[in-house]
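A.B. asks: Mind having a look at this structure? Questions to follow.
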Amino acid sequence: MSVTAVVGMQWGDEAKGKFVDYLGSSARIIARYNGGDNAGHTVINPLGTFKLRLMPSGIFNPGATCVIGPGVVINLATILDEIRLVQQAGVELETRLWLSPRCHVVMPYHPMVESIYETAKGQSRTGTTGRGMGPVYADKVSYNGIRLFDLADETVLAEKLRVQLAIKNPLFKAFGLPPLELQPVLQEKLAQYAQIAAYVRDPFGRIQEALTGDEDILLEGAQGSLLDNDWGTYPFSTASTTLAGGASAGLGIAPHTIQRVVGVAKAYTSRVGAGPMPSELFDEDGETLRREGQEYGTVTGRPRRCGWFDADLLRFTAQINGATELALTKLDVLDSLATIKIGAGYRMEGDETGSLRHYREGDALWLGDARPEYLEMPGWQQPTRGLRDFNALPAAARAYISRIEELVGVSISMVATGPDREDVIRR
């Protein structure tokens with residue numbers, strides 16, 4: 001038995017889905033343990049291109065049971081769309097997809113509450129995906145949540161909805177939004193639940209069986225470590241725990257069973273939404289990264305902010321996740337650049353000490369005032385797209401990878417040189 005966690009090391013969009021799909025061929029269980037449909041994982045394989053938000057990216061491995069654990073919040077419309085999408089590609093789901101009945105459900109009022117929060121914040125808005133993640137997790141921890149368990153009983157669901165609409169509707173009225181009526185919401189959710197009921201089954205026993213047997217388990221984290229609600233750039237973060245350790249609570253798996261943590265990071269840095277990003281570029285190099293990397297959000301479609309690789313951030317997230325190795329993605333996006341920079345730490349305005357500062361020292365406001373200290377390296381200006389042999393990379397590209405390893409303190413075991421499943425260099 002081996003347990004591998006695939007975790008994003010930056011602000012999400014690192015191509016975790018690619019590596020879950022790539023590494024999932026031998027796994028018997030592939031499981032999501034956090035987040036909701038604010039996550040977007042793109043998988044490209046012989047069956048086509050699939051943009052998944054809730055379905056585990058390893059669903060295309062026919063021998064794997066795919067689990068959505070209780071730490072994930074479910075938008076019923078999204079999971080129904082994905083079930084149809086994957087089934088149309090000829091993938092069998094009836095025996096393989098398991099949704100924990102402990103999953104909380106995104107209700108129609110959650111995106112409405114989130115929009116009120118964002119509007120009220122004005123220029124200080126967080127820049128959320130608009131999927132209602134913050135409010136649904138807030139309801140969860142304040143004992144106001146509705147779970148898949150509840151949707152199985154119309155009487156229970158109706159009473160819980162009555163209470164929640166009594167709380168939410170006055171808020172909507174105060175902000176000029178129309179109130180929600182109980183019956184339409186109730187009937188919509190009952191109808192949606194009826195379509196997924198066959199997949200709702202508790203995965204805990206199956207997971208424990210795999211742990212005690214000779215079965216490989218692959219854990220799929222959503223978002224990135226720098227969006228973690230505790231350790232990320234709060235409040236410009238997500239609502240859930242995005243670290244490898246989040247699998248313990250979000251899936252019911254003991255920490256000591258996780259033997260391998262693959263941290264996925266782009267060969268540069270990107271971010272969607274508001275919040276500090278010290279290495280962000282506003283010049284032609286930034287435009288090159290966005291254009292060549294097709295940097296537009298899977299969920300929102302928003303153009304991503306792009307910048308140089310920030311090794312200080314990666315060193316921190318590698319340590320907090322216990323990363324045993326790194327997977328570096330989108331190396332080919334850098335192919336045309338004459339000079340490439342790596343952030344190695346920060347300088348602060350007026351700081352006379354001369355020493356480099358580090359992410360762990362401050363909060364989001366502090367990081368917003370930090371200016372990266374860059375190391376410059378020559379670019380290779382040769383195509384690397386599709387290469388699958390490390391020695392075939394240009395010498396400057398190999399040197400760039402080695403420098404990242406030195407600064408982060410973790411070996412890079414895999415390098416992605418293109419979007420296809422097999423566009424990976426194994427070291």
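Order determines the names: the first chain of the structure tokens is A, the second B, and so forth; residues in each chain are numbered 1 upward, and ligands are numbered 1 upward as they are shown.
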May I have all residues of stretch 248-382 of chain A that DSSP, computed from the backbone, assigns to alpha helix (DSSP H), given as JSON, numbers by chain?
C.D. replies: {"A": [248, 249, 250, 251, 284, 285, 286, 287, 288, 289, 290, 291, 292, 293, 311, 312, 313, 314, 315, 316, 317, 318, 319, 320, 321, 364, 365, 366, 367, 368]}
A.B. asks: At a cut-off of 7 Å, using only C-alpha atoms, what residues contact A:Asp312? Leave out same-chain residues fewer than 4 positions from it and give the result as a ChimeraX atom specification.
C.D. replies: /A:316,343-345,358-359
A.B. asks: Store the residues of this selection in a file with N, CA and C atoms, as a CSV table (one decimal), in the first residue's frame.
C.D. replies:
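Output below, filename selection.csv:
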```
chain,number,residue,atom,x,y,z
A,316,PHE,N,8.7,27.7,1.4
A,316,PHE,CA,7.7,27.7,2.5
A,316,PHE,C,6.6,26.6,2.3
A,343,GLY,N,12.8,34.7,-8.0
A,343,GLY,CA,12.8,35.4,-6.7
A,343,GLY,C,13.4,34.6,-5.6
A,344,ALA,N,14.3,35.1,-4.9
A,344,ALA,CA,15.0,34.3,-3.8
A,344,ALA,C,14.7,34.9,-2.4
A,345,GLY,N,13.9,35.8,-2.3
A,345,GLY,CA,13.6,36.5,-1.0
A,345,GLY,C,13.1,37.9,-1.3
A,358,HIS,N,11.4,37.0,4.4
A,358,HIS,CA,10.8,35.8,3.9
A,358,HIS,C,9.3,35.8,4.2
A,359,TYR,N,8.6,35.0,3.3
A,359,TYR,CA,7.1,35.0,3.4
A,359,TYR,C,6.6,34.8,4.8
```
A.B. asks: I'd like the contact shell of A:Leu387 - 8 Å cut-off, only C-alpha atoms, skipping same-chain residues fewer than 2 positions apart - returned as a PDB file with C-alpha atoms, in the first residue's frame.
C.D. replies:
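Output file result_37.pdb is given in full below:
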```
ATOM      1  CA  THR A 384      11.290  22.182 -25.284  1.00  0.00           C
ATOM      2  CA  ARG A 385       7.628  21.375 -25.928  1.00  0.00           C
ATOM      3  CA  ASP A 389      14.192  13.064 -21.888  1.00  0.00           C
ATOM      4  CA  PHE A 390      15.960  15.305 -19.355  1.00  0.00           C
ATOM      5  CA  ALA A 392      17.428  16.455 -24.378  1.00  0.00           C
ATOM      6  CA  LEU A 393      16.666  19.756 -22.631  1.00  0.00           C
ATOM      7  CA  THR A 417       6.811  20.069 -21.269  1.00  0.00           C
ATOM      8  CA  ASP A 423       4.472  15.202 -22.091  1.00  0.00           C
ATOM      9  CA  VAL A 424       6.405  14.532 -18.889  1.00  0.00           C
ATOM     10  CA  ILE A 425      10.099  14.055 -18.164  1.00  0.00           C
TER      11      ILE A 425
END
```
A.B. asks: Would you give me, as a tab-separated table, each residue of stretch 223-310 of chain A having an atom within 9 Å of an atom of stretch 127-143 of chain A, along with its shortest atom pair and that distance in Å to one decimal, using only C-alpha atoms and sorting by chain and residue number?
C.D. replies:
```
residue	atom	partner	partner_atom	distance
A:Phe236	CA	A:Gly127	CA	7.5
A:Ser237	CA	A:Thr128	CA	8.5
A:Thr238	CA	A:Gly134	CA	7.2
A:Ala239	CA	A:Gly134	CA	5.2
A:Ser240	CA	A:Tyr137	CA	7.5
A:Val272	CA	A:Gly127	CA	8.0
A:Gly273	CA	A:Gly127	CA	4.6
A:Ala274	CA	A:Gly127	CA	5.1
A:Gly275	CA	A:Gly127	CA	8.2
A:Val299	CA	A:Thr129	CA	7.4
A:Thr300	CA	A:Thr129	CA	6.2
```
A.B. asks: Write out as a PDB file with C-alpha atoms, in the first residue's frame the set of residues from stretch 18-56 of chain A that DSSP, computed on the backbone, places in strand (DSSP E or B).
C.D. replies:
```pdb
ATOM      1  CA  ILE A  29      -8.542   4.842  -5.023  1.00  0.00           C
ATOM      2  CA  ILE A  30      -8.293   8.449  -6.225  1.00  0.00           C
ATOM      3  CA  ALA A  31      -9.872  10.980  -3.878  1.00  0.00           C
ATOM      4  CA  ARG A  32     -10.636  14.701  -3.614  1.00  0.00           C
ATOM      5  CA  HIS A  41      -8.576  20.776 -13.093  1.00  0.00           C
ATOM      6  CA  THR A  42      -7.916  20.254 -16.796  1.00  0.00           C
ATOM      7  CA  VAL A  43      -7.158  16.744 -18.025  1.00  0.00           C
ATOM      8  CA  ILE A  44      -6.024  16.018 -21.585  1.00  0.00           C
ATOM      9  CA  ASN A  45      -5.877  12.350 -22.593  1.00  0.00           C
ATOM     10  CA  GLY A  48     -10.271  14.370 -25.173  1.00  0.00           C
ATOM     11  CA  THR A  49      -9.929  17.518 -23.059  1.00  0.00           C
ATOM     12  CA  PHE A  50     -11.906  17.636 -19.818  1.00  0.00           C
ATOM     13  CA  LYS A  51     -12.273  20.615 -17.503  1.00  0.00           C
ATOM     14  CA  LEU A  52     -13.337  19.144 -14.177  1.00  0.00           C
TER      15      LEU A  52
END
```
